$ cat entry.txt   # compact mmCIF, C-alpha atoms
# COMPACT_ATOMS: atom_id res chain seq x y z
CA MET A 1 10.64 93.85 -72.96
CA THR A 2 7.52 93.87 -70.83
CA SER A 3 7.47 94.36 -67.09
CA VAL A 4 7.59 91.36 -64.82
CA SER A 5 4.74 90.63 -62.46
CA ILE A 6 5.38 91.84 -58.94
CA PRO A 7 3.08 90.49 -56.24
CA ALA A 8 1.50 92.98 -53.87
CA LEU A 9 2.59 92.97 -50.25
CA ARG A 10 0.24 90.65 -48.42
CA LYS A 11 -2.13 92.21 -45.92
CA GLY A 12 -0.63 92.36 -42.48
CA GLY A 13 2.92 91.95 -43.81
CA SER A 14 5.89 92.90 -41.66
CA VAL A 15 8.33 95.77 -42.12
CA ALA A 16 10.75 93.23 -43.62
CA ASP A 17 8.05 92.20 -46.12
CA LEU A 18 7.53 95.82 -47.11
CA ARG A 19 11.25 96.31 -47.61
CA GLU A 20 11.53 93.20 -49.79
CA SER A 21 8.55 94.40 -51.81
CA ASN A 22 10.26 97.76 -52.38
CA LEU A 23 13.54 96.06 -53.30
CA SER A 24 11.55 94.04 -55.83
CA LEU A 25 10.00 97.22 -57.26
CA VAL A 26 13.44 98.69 -57.87
CA LEU A 27 14.59 95.49 -59.61
CA GLN A 28 11.45 95.49 -61.73
CA ALA A 29 12.12 99.04 -62.88
CA LEU A 30 15.69 98.19 -63.87
CA SER A 31 14.72 94.91 -65.51
CA SER A 32 12.12 96.50 -67.75
CA GLY A 33 13.73 99.91 -68.26
CA GLY A 34 17.42 99.12 -68.56
CA ALA A 35 20.00 101.48 -67.04
CA LEU A 36 18.23 104.21 -65.05
CA SER A 37 19.23 107.10 -62.84
CA ARG A 38 18.23 107.10 -59.19
CA ALA A 39 15.76 109.91 -59.89
CA GLU A 40 14.11 107.87 -62.65
CA ILE A 41 13.83 104.83 -60.38
CA ALA A 42 12.36 106.89 -57.54
CA LYS A 43 9.74 108.36 -59.89
CA GLN A 44 8.75 104.96 -61.35
CA CYS A 45 8.52 103.28 -57.95
CA GLY A 46 6.98 106.17 -56.03
CA LEU A 47 9.79 106.17 -53.47
CA GLY A 48 11.46 109.01 -51.61
CA VAL A 49 15.15 109.79 -52.04
CA THR A 50 16.15 108.60 -48.57
CA ALA A 51 14.26 105.32 -48.87
CA LEU A 52 15.64 104.69 -52.37
CA THR A 53 19.22 105.35 -51.26
CA SER A 54 18.93 102.69 -48.57
CA LEU A 55 17.33 100.20 -50.98
CA VAL A 56 19.96 100.76 -53.66
CA ASN A 57 22.79 100.31 -51.16
CA GLU A 58 21.32 96.97 -50.10
CA LEU A 59 20.86 95.81 -53.70
CA LEU A 60 24.46 96.76 -54.41
CA LEU A 61 25.59 94.70 -51.42
CA ARG A 62 23.52 91.74 -52.60
CA ARG A 63 25.14 92.01 -56.04
CA LEU A 64 21.73 92.37 -57.69
CA VAL A 65 22.44 95.79 -59.20
CA VAL A 66 25.61 97.56 -60.25
CA GLU A 67 26.70 101.10 -61.07
CA SER A 68 26.64 101.42 -64.85
CA THR A 69 29.71 102.59 -66.74
CA GLU A 70 27.30 104.78 -68.72
CA LEU A 71 26.74 108.37 -67.60
CA VAL A 72 23.99 110.83 -68.46
CA ARG A 73 25.55 114.18 -69.34
CA PRO A 74 22.96 116.96 -69.03
CA THR A 75 23.53 120.31 -70.70
CA ILE A 76 23.66 121.91 -67.24
CA GLY A 77 25.11 120.34 -64.11
CA ARG A 78 27.20 117.29 -63.32
CA PRO A 79 26.95 113.93 -65.13
CA THR A 80 24.46 111.52 -63.54
CA SER A 81 25.43 107.94 -62.82
CA LEU A 82 23.08 105.11 -63.76
CA LEU A 83 22.18 101.80 -62.17
CA GLU A 84 21.53 98.52 -63.98
CA MET A 85 21.01 94.84 -63.20
CA ASP A 86 24.19 93.03 -62.17
CA THR A 87 24.36 90.29 -64.79
CA GLY A 88 27.77 88.94 -63.84
CA HIS A 89 27.34 87.54 -60.32
CA TRP A 90 24.14 85.52 -60.12
CA ALA A 91 23.16 82.66 -62.41
CA VAL A 92 19.77 81.09 -63.12
CA LEU A 93 19.00 77.78 -64.78
CA GLY A 94 16.25 76.59 -67.09
CA ILE A 95 15.94 72.81 -67.40
CA LEU A 96 13.90 70.74 -69.87
CA CYS A 97 13.25 67.15 -68.82
CA ASP A 98 12.68 64.96 -71.87
CA ARG A 99 12.45 61.20 -71.86
CA ARG A 100 15.89 60.65 -73.43
CA THR A 101 17.56 64.05 -72.99
CA LEU A 102 18.10 66.62 -70.26
CA ALA A 103 18.76 70.13 -71.52
CA VAL A 104 20.11 72.79 -69.14
CA ALA A 105 20.22 76.48 -70.11
CA THR A 106 22.24 78.95 -68.04
CA GLY A 107 21.40 82.64 -67.89
CA GLY A 108 21.76 85.74 -65.76
CA LEU A 109 19.58 88.47 -64.30
CA ASP A 110 19.03 89.94 -67.77
CA GLY A 111 17.11 86.78 -68.70
CA ALA A 112 19.42 86.00 -71.62
CA VAL A 113 20.59 82.42 -72.22
CA THR A 114 24.38 82.20 -72.21
CA ASP A 115 24.78 78.50 -72.92
CA ILE A 116 22.83 75.26 -73.28
CA ALA A 117 24.20 71.86 -72.29
CA ARG A 118 22.51 68.57 -73.20
CA PHE A 119 22.81 65.29 -71.33
CA PRO A 120 21.67 61.91 -72.65
CA VAL A 121 19.36 59.89 -70.43
CA ALA A 122 20.24 56.26 -71.03
CA ARG A 123 17.59 54.22 -69.23
CA ASP A 124 16.95 50.53 -69.66
CA GLY A 125 13.23 49.90 -69.92
CA GLU A 126 10.74 52.31 -68.39
CA GLY A 127 11.55 52.69 -64.69
CA GLY A 128 9.70 55.97 -64.21
CA PHE A 129 11.37 58.80 -62.33
CA GLU A 130 13.47 56.49 -60.15
CA THR A 131 15.75 55.66 -63.07
CA TYR A 132 15.71 59.31 -64.22
CA ARG A 133 16.87 60.83 -60.93
CA PRO A 134 20.62 60.01 -61.26
CA PHE A 135 20.78 61.72 -64.65
CA LEU A 136 19.05 64.81 -63.26
CA ALA A 137 21.55 64.93 -60.39
CA GLN A 138 24.42 64.61 -62.86
CA ALA A 139 23.09 67.46 -65.01
CA LEU A 140 22.57 69.74 -61.99
CA THR A 141 26.07 69.03 -60.69
CA ALA A 142 27.57 69.80 -64.10
CA ALA A 143 25.61 73.08 -64.23
CA LEU A 144 26.89 74.09 -60.81
CA LEU A 145 30.45 73.34 -61.88
CA ARG A 146 29.99 75.59 -64.92
CA CYS A 147 28.66 78.36 -62.68
CA ARG A 148 31.66 77.98 -60.42
CA ALA A 149 34.09 78.06 -63.35
CA ASN A 150 32.47 81.29 -64.54
CA GLY A 151 32.54 82.88 -61.09
CA ARG A 152 28.76 82.92 -60.70
CA VAL A 153 26.39 81.83 -57.92
CA LEU A 154 23.18 79.92 -58.62
CA ALA A 155 20.04 81.71 -57.40
CA ALA A 156 17.07 80.04 -59.10
CA VAL A 157 16.08 77.02 -61.19
CA GLU A 158 12.96 76.54 -63.31
CA VAL A 159 12.16 73.08 -64.67
CA ALA A 160 10.02 72.41 -67.75
CA VAL A 161 8.20 69.09 -68.12
CA PRO A 162 5.93 67.85 -70.93
CA GLY A 163 2.71 66.94 -69.15
CA ALA A 164 0.40 67.95 -66.33
CA VAL A 165 2.19 69.96 -63.62
CA ASN A 166 0.91 71.54 -60.41
CA ARG A 167 2.93 74.74 -60.17
CA GLU A 168 1.89 75.49 -56.60
CA SER A 169 2.89 72.11 -55.14
CA GLY A 170 5.80 71.56 -57.51
CA ASP A 171 4.49 68.13 -58.49
CA VAL A 172 4.35 66.48 -61.89
CA VAL A 173 0.86 65.00 -61.87
CA ARG A 174 1.45 63.00 -65.03
CA SER A 175 3.90 63.03 -67.91
CA VAL A 176 2.88 60.36 -70.36
CA LEU A 177 5.80 61.12 -72.68
CA ASN A 178 8.32 60.77 -69.83
CA GLY A 179 6.58 57.84 -68.19
CA TRP A 180 6.13 59.71 -64.88
CA SER A 181 3.24 59.81 -62.47
CA ARG A 182 2.95 61.76 -59.20
CA VAL A 183 6.53 63.00 -58.95
CA ALA A 184 7.32 65.66 -56.33
CA LEU A 185 9.85 67.19 -58.71
CA ARG A 186 10.49 70.44 -56.87
CA ASP A 187 11.25 68.52 -53.67
CA GLU A 188 13.45 66.12 -55.63
CA ILE A 189 15.52 68.95 -57.10
CA GLN A 190 15.80 70.75 -53.78
CA GLY A 191 16.99 67.48 -52.27
CA ILE A 192 19.63 67.07 -54.97
CA LEU A 193 20.85 70.65 -54.54
CA ALA A 194 21.01 70.29 -50.77
CA THR A 195 23.38 67.33 -51.07
CA VAL A 196 25.79 68.92 -53.56
CA PRO A 197 29.31 68.99 -52.04
CA ARG A 198 30.53 72.44 -50.99
CA ASP A 199 33.49 72.19 -53.37
CA VAL A 200 31.02 71.90 -56.29
CA ALA A 201 28.69 74.77 -55.38
CA ALA A 202 29.82 78.06 -56.85
CA HIS A 203 31.95 80.08 -54.39
CA GLY A 204 31.03 77.60 -51.65
CA PRO A 205 27.78 79.25 -50.48
CA GLY A 206 25.86 76.01 -50.65
CA THR A 207 22.63 75.51 -52.53
CA GLY A 208 20.03 75.00 -49.83
CA HIS A 209 18.36 78.36 -50.50
CA VAL A 210 18.17 78.18 -54.29
CA LEU A 211 14.64 78.95 -55.54
CA VAL A 212 13.12 76.07 -57.51
CA GLY A 213 10.02 76.13 -59.70
CA VAL A 214 8.37 73.52 -61.93
CA ASP A 215 5.85 74.09 -64.72
CA ARG A 216 4.42 72.75 -67.96
CA GLU A 217 6.88 73.34 -70.78
CA THR A 218 4.38 75.22 -72.95
CA ASN A 219 3.88 77.79 -70.18
CA TYR A 220 7.59 78.60 -70.41
CA SER A 221 7.47 78.73 -74.22
CA MET A 222 4.57 81.15 -73.95
CA LEU A 223 6.68 83.53 -71.83
CA THR A 224 9.08 84.11 -74.72
CA HIS A 225 6.13 85.60 -76.65
CA VAL A 226 4.87 87.61 -73.70
CA TYR A 227 8.24 89.31 -73.36
CA ARG A 228 8.21 90.49 -76.95
CA GLY A 229 5.35 92.88 -76.15
CA ALA A 230 5.58 96.31 -74.59
CA THR A 231 2.80 95.77 -72.07
CA ALA A 232 1.13 92.92 -70.21
CA ARG A 233 -1.55 91.25 -72.32
CA ASN A 234 -4.27 88.64 -72.23
CA LEU A 235 -2.69 85.95 -74.34
CA ALA A 236 -3.51 82.32 -75.14
CA TYR A 237 -0.92 79.93 -76.48
CA ILE A 238 -1.36 76.66 -78.35
CA GLY A 239 1.59 74.58 -79.43
CA GLY A 240 4.16 72.05 -78.33
CA ARG A 241 7.27 70.33 -79.66
CA ASN A 242 5.79 66.85 -79.83
CA ALA A 243 2.35 66.80 -78.18
CA LEU A 244 -0.22 69.57 -78.22
CA SER A 245 -0.68 71.73 -75.14
CA GLY A 246 -0.97 75.42 -74.39
CA GLY A 247 -0.92 78.20 -71.87
CA LEU A 248 -2.80 81.25 -70.67
CA TYR A 249 -1.29 84.60 -69.65
CA SER A 250 -3.49 87.24 -68.05
CA ARG A 251 -3.07 90.24 -65.78
CA SER A 252 0.74 90.10 -65.94
CA SER A 253 1.13 86.46 -64.94
CA ILE A 254 0.64 82.88 -66.09
CA GLU A 255 -2.78 81.52 -65.15
CA HIS A 256 -2.39 78.08 -63.59
CA GLY A 257 -5.88 77.34 -62.33
CA ALA A 258 -6.73 75.25 -59.29
CA SER A 259 -4.22 72.48 -59.94
CA GLY A 260 -1.91 73.84 -62.63
CA LEU A 261 -3.87 72.68 -65.67
CA ALA A 262 -5.27 76.00 -66.94
CA GLY A 263 -4.51 76.53 -70.63
CA GLU A 264 -4.26 72.84 -71.50
CA PHE A 265 -5.83 73.57 -74.88
CA GLY A 266 -4.63 70.38 -76.52
CA HIS A 267 -7.31 68.52 -74.60
CA LEU A 268 -10.35 70.65 -75.29
CA VAL A 269 -13.02 68.43 -76.82
CA VAL A 270 -13.87 69.65 -80.33
CA ASP A 271 -15.20 66.42 -81.86
CA PRO A 272 -17.35 64.46 -79.34
CA GLU A 273 -17.81 61.59 -81.83
CA GLY A 274 -14.10 61.50 -82.63
CA ALA A 275 -11.29 59.17 -81.62
CA ARG A 276 -10.34 58.33 -78.05
CA CYS A 277 -7.38 60.43 -76.86
CA TRP A 278 -4.57 59.04 -74.73
CA CYS A 279 -5.68 61.51 -72.02
CA GLY A 280 -8.94 59.56 -71.66
CA ARG A 281 -11.28 62.01 -73.41
CA GLN A 282 -12.89 61.52 -76.79
CA GLY A 283 -12.34 63.95 -79.66
CA CYS A 284 -9.70 66.23 -78.10
CA VAL A 285 -7.89 68.79 -80.22
CA GLU A 286 -4.94 66.39 -79.89
CA THR A 287 -6.86 63.71 -81.80
CA ARG A 288 -7.21 66.07 -84.78
CA LEU A 289 -4.07 68.21 -84.61
CA GLY A 290 -1.62 66.11 -82.61
CA LEU A 291 1.68 65.31 -84.30
CA ALA A 292 1.08 61.59 -83.79
CA HIS A 293 -2.29 61.86 -85.54
CA LEU A 294 -0.94 63.92 -88.46
CA TYR A 295 1.98 61.56 -88.94
CA SER A 296 -0.29 58.53 -88.80
CA VAL A 297 -2.66 59.88 -91.44
CA CYS A 298 0.19 61.03 -93.69
CA THR A 299 2.19 57.81 -93.53
CA GLY A 300 -0.39 55.13 -92.77
CA LEU A 301 1.45 54.08 -89.61
CA PRO A 302 -1.00 53.07 -86.85
CA GLU A 303 -1.52 56.00 -84.50
CA ALA A 304 -0.53 53.97 -81.44
CA GLU A 305 2.86 53.39 -83.04
CA SER A 306 3.15 57.04 -84.05
CA PHE A 307 2.47 58.07 -80.46
CA HIS A 308 5.33 55.93 -79.15
CA LEU A 309 7.70 57.73 -81.52
CA LEU A 310 6.90 61.19 -80.13
CA ALA A 311 9.34 61.28 -77.23
CA ASP A 312 12.40 60.29 -79.26
CA SER A 313 11.60 61.05 -82.89
CA HIS A 314 9.29 64.08 -83.05
CA LYS A 315 11.75 66.11 -85.11
CA THR A 316 12.09 63.32 -87.65
CA MET A 317 8.30 62.91 -87.80
CA LEU A 318 7.79 66.62 -88.44
CA ASN A 319 10.51 66.70 -91.10
CA ASP A 320 8.93 63.71 -92.86
CA ILE A 321 5.58 65.53 -93.00
CA LEU A 322 7.22 68.70 -94.29
CA ALA A 323 9.12 66.75 -96.92
CA GLY A 324 5.90 65.12 -98.09
CA VAL A 325 3.98 68.37 -98.52
CA ALA A 326 6.97 70.09 -100.13
CA GLY A 327 7.09 67.22 -102.62
CA GLY A 328 3.39 67.63 -103.42
CA ASN A 329 2.24 64.34 -101.85
CA PRO A 330 -1.59 64.51 -102.15
CA ARG A 331 -2.16 62.58 -98.92
CA HIS A 332 0.07 64.90 -96.95
CA LEU A 333 -1.48 68.00 -98.50
CA GLN A 334 -5.04 66.87 -97.77
CA THR A 335 -4.14 65.90 -94.20
CA LEU A 336 -2.81 69.36 -93.46
CA ALA A 337 -5.69 71.08 -95.23
CA ASP A 338 -8.08 69.20 -92.92
CA ALA A 339 -5.86 70.00 -89.94
CA GLY A 340 -6.03 73.70 -90.78
CA ARG A 341 -9.81 73.59 -90.46
CA TRP A 342 -9.53 71.89 -87.06
CA LEU A 343 -7.04 74.53 -85.95
CA GLY A 344 -9.64 77.16 -86.84
CA ILE A 345 -12.22 75.29 -84.74
CA ALA A 346 -9.76 75.10 -81.83
CA ILE A 347 -8.97 78.83 -82.06
CA ASP A 348 -12.67 79.68 -82.11
CA THR A 349 -13.26 77.50 -79.04
CA ILE A 350 -10.35 79.05 -77.13
CA ALA A 351 -11.48 82.56 -78.09
CA ALA A 352 -15.04 81.90 -76.93
CA VAL A 353 -13.97 80.45 -73.57
CA VAL A 354 -10.95 82.62 -72.71
CA ASN A 355 -11.50 85.79 -74.80
CA PRO A 356 -7.80 86.72 -75.17
CA ASP A 357 -6.39 89.68 -77.08
CA GLU A 358 -4.05 87.35 -78.93
CA ILE A 359 -3.63 83.66 -79.67
CA VAL A 360 -0.13 82.44 -80.45
CA VAL A 361 0.23 79.28 -82.54
CA ASP A 362 3.66 77.78 -81.97
CA GLY A 363 5.66 74.56 -81.82
CA TYR A 364 5.30 72.08 -84.66
CA LEU A 365 2.04 73.81 -85.71
CA ALA A 366 4.03 76.97 -86.45
CA ARG A 367 6.40 74.97 -88.64
CA LEU A 368 3.37 73.74 -90.60
CA ARG A 369 1.87 77.23 -90.91
CA PRO A 370 2.00 77.56 -94.74
CA TYR A 371 -0.17 74.47 -95.08
CA LEU A 372 -2.47 75.02 -92.08
CA GLU A 373 -3.20 78.73 -92.32
CA PRO A 374 -5.44 78.72 -95.43
CA GLY A 375 -7.82 76.18 -93.86
CA THR A 376 -7.70 77.98 -90.52
CA ARG A 377 -8.57 81.32 -92.09
CA SER A 378 -11.35 79.79 -94.17
CA GLN A 379 -12.90 78.12 -91.11
CA LEU A 380 -12.86 81.35 -89.08
CA GLU A 381 -14.29 83.38 -91.96
CA THR A 382 -17.37 81.13 -92.06
CA LEU A 383 -18.18 82.18 -88.48
CA GLY A 384 -18.66 85.83 -89.31
CA PRO A 385 -17.91 88.79 -87.00
CA LEU A 386 -18.29 87.05 -83.65
CA PRO A 387 -17.42 89.31 -80.68
CA SER A 388 -14.71 86.92 -79.46
CA LEU A 389 -13.04 86.90 -82.90
CA SER A 390 -13.59 90.43 -84.19
CA LYS A 391 -10.52 91.94 -82.48
CA LEU A 392 -8.54 88.75 -81.93
CA ARG A 393 -4.94 88.74 -83.16
CA ILE A 394 -3.64 85.38 -84.35
CA THR A 395 0.13 85.20 -84.54
CA TYR A 396 2.53 82.37 -85.29
CA GLY A 397 5.80 81.58 -83.58
CA VAL A 398 8.81 80.03 -85.25
CA GLY A 399 8.53 76.64 -83.57
CA ALA A 400 11.83 77.04 -81.70
CA GLU A 401 12.92 73.72 -80.20
CA ASP A 402 14.51 75.52 -77.24
CA GLY A 403 11.63 77.94 -76.60
CA SER A 404 10.76 76.36 -73.26
CA LEU A 405 14.39 76.63 -72.11
CA GLN A 406 14.50 80.32 -72.96
CA GLY A 407 11.21 80.86 -71.16
CA ALA A 408 12.40 78.91 -68.12
CA VAL A 409 15.45 81.18 -67.81
CA LEU A 410 13.16 84.23 -67.99
CA ALA A 411 10.91 82.71 -65.32
CA ALA A 412 13.91 82.00 -63.07
CA ARG A 413 15.11 85.58 -63.50
CA ASP A 414 11.63 86.84 -62.61
CA THR A 415 11.59 84.66 -59.50
CA VAL A 416 14.75 86.37 -58.23
CA ILE A 417 13.23 89.78 -58.98
CA ARG A 418 10.07 88.89 -57.05
CA ARG A 419 12.02 87.38 -54.16
CA PRO A 420 15.31 89.30 -53.80
CA ALA A 421 15.76 87.87 -50.29
CA VAL A 422 17.25 84.79 -51.98
CA ALA A 423 20.43 86.78 -52.61
CA SER A 424 20.76 87.58 -48.92
CA ALA A 425 19.93 84.01 -47.84
CA ILE A 426 22.56 82.43 -50.07
CA GLU A 427 25.29 84.99 -49.50
CA ARG A 428 24.87 84.96 -45.71
CA ARG A 429 24.58 81.23 -45.22
CA PRO A 430 26.22 80.23 -41.90
CA GLY A 431 29.84 79.15 -42.29
CA GLN A 432 30.35 81.10 -45.50
CA ASP A 433 33.71 82.77 -45.89
CA ARG A 434 33.06 86.45 -46.63
$ encode --input "entry.txt" --output "structure tokens"
Amino acid sequence: MTSVSIPALRKGGSVADLRESNLSLVLQALSSGGALSRAEIAKQCGLGVTALTSLVNELLLRRLVVESTELVRPTIGRPTSLLEMDTGHWAVLGILCDRRTLAVATGGLDGAVTDIARFPVARDGEGGFETYRPFLAQALTAALLRCRANGRVLAAVEVAVPGAVNRESGDVVRSVLNGWSRVALRDEIQGILATVPRDVAAHGPGTGHVLVGVDRETNYSMLTHVYRGATARNLAYIGGRNALSGGLYSRSSIEHGASGLAGEFGHLVVDPEGARCWCGRQGCVETRLGLAHLYSVCTGLPEAESFHLLADSHKTMLNDILAGVAGGNPRHLQTLADAGRWLGIAIDTIAAVVNPDEIVVDGYLARLRPYLEPGTRSQLETLGPLPSLSKLRITYGVGAEDGSLQGAVLAARDTVIRRPAVASAIERRPGQDR
């Protein structure tokens, strides 16, 4: 598992800032290295024994680390005790907001998902976010009740949305699939958590200090691939469960750009004379590789109708395409052969603009890999040894439907590691019984 990104102490920071930064360094070492001795932590973090002792004592009090039951038994001297992340006290949530379903994954400070609950969203008509809010509140309340039943306290929530998201402001700029526009989703969730009754919140600490983040769902899916590597990499991601999007990871963190749209590779223009995309551009990658487009060409269904099926029926659409190619349907086979060539063009474009070490192809494209890859490889081979392609690794995911949930739990865990003060803020909330 790769190291998490730890922000540097800002210039002019206070003594308290420095301490929180050092607490974060210790958590980073334990998160990436597993159970470690105090001497190993001090060496990795560049801290003195006295300073580390104080930091460890505070992390123990905050229930962020715990003394491991494992001991190191040297050939000479006494056994050495180890420290590790406390995975039993704090909980984090990853939420995926789909048009008709809310999925909530619960995890701990090890970043592992312990359970996933799904809630139907039964809305009459469109209604936008206003009709969605009650279902989100219901799902959050149910998650808090599960935390309470398991004796855990909620520390952080990360929310995945299909569409354009401004990570910094916490706003969903637009989610065509969900029918949302200009939703201050982070504020909405913080508002819901702030009004949860004390008898619902785990151990009664309240939820006003829970950390909340919002991002594009493909950014979270990308994190699951980042964490499979041993070191931080420059990685580009293209994929999606139902519509094509992407992500960009560089210098140990997700690149969001000025307004959260960096890595939106589904809407790079690759065919200027091509069809009009629903985003407003002409000839986007989406118009050549989008699931709605592939399904339309394979089945003859008008693309506008295929698009309206994406939110509710993307799995059925993908399975229909797979069944057609498995059965040798010439139309299906030719459609995917053409799509493979367009994937090669998209990869070349991404490589030229971003110059990553690796491009990950995931989502429904990964499920179609056997039929796309020959055309992709052929297209790239025609370009010769271009500098941007010569050392590029192209890897394929497995198209996991819950990839964004797993990534959201990892992101929530990382948020706690970067901001360990959240543990103190929640545990010491005024009126709390200690």
$ residues_near_point --input "entry.txt" --point "(27.5, 90.3, -66.0)" --cutoff "12 Å" --atoms "all atoms listed in the file" --output "list of chain:residue names"
A:Arg63, A:Leu64, A:Val65, A:Val66, A:Glu67, A:Ser68, A:Glu84, A:Met85, A:Asp86, A:Thr87, A:Gly88, A:His89, A:Trp90, A:Ala91, A:Gly107, A:Gly108, A:Leu109, A:Asp110, A:Gly111, A:Ala112, A:Thr114, A:Asn150, A:Gly151, A:Arg152, A:Val153
$ closest_residue --input "entry.txt" --among "A:Thr69, A:Thr335, A:Thr382, A:Ser250" --to "Arg288 in chain A" --atoms "all atoms listed in the file"
A:Thr335
$ closest_residue --input "entry.txt" --among "A:Cys147, A:Ala352, A:Leu235, A:Leu268" --to "Thr395 in chain A" --atoms "only C-alpha atoms"
A:Leu235
$ atom_distance --input "entry.txt" --atom1 "CA of Leu60 in chain A" --atom2 "CA of Ser81 in chain A"
14.0 Å
$ atom_distance --input "entry.txt" --atom1 "CA of Ser245 in chain A" --atom2 "CA of Ala155 in chain A"
29.0 Å
$ closest_residue --input "entry.txt" --among "A:Pro374, A:Gly274, A:Gly290, A:Gly191" --to "Leu333 in chain A" --atoms "all atoms listed in the file"
A:Pro374
$ residues_near_point --input "entry.txt" --point "(14.4, 84.6, -60.7)" --cutoff "8 Å" --atoms "all atoms listed in the file" --output "list in words"
Val92, Leu109, Ala155, Ala156, Val157, Leu211, Val409, Leu410, Ala411, Ala412, Arg413, Asp414, Thr415, Val416, Ile417, Arg418 and Arg419 of chain A
$ closest_residue --input "entry.txt" --among "A:Glu305, A:Val165, A:Arg62, A:Ala351" --to "Ile426 in chain A" --atoms "all atoms listed in the file"
A:Arg62
$ atom_distance --input "entry.txt" --atom1 "CA of Val200 in chain A" --atom2 "CA of Asp402 in chain A"
26.9 Å
$ closest_residue --input "entry.txt" --among "A:Ala408, A:Leu389, A:Leu83, A:Cys277" --to "Val354 in chain A" --atoms "only C-alpha atoms"
A:Leu389
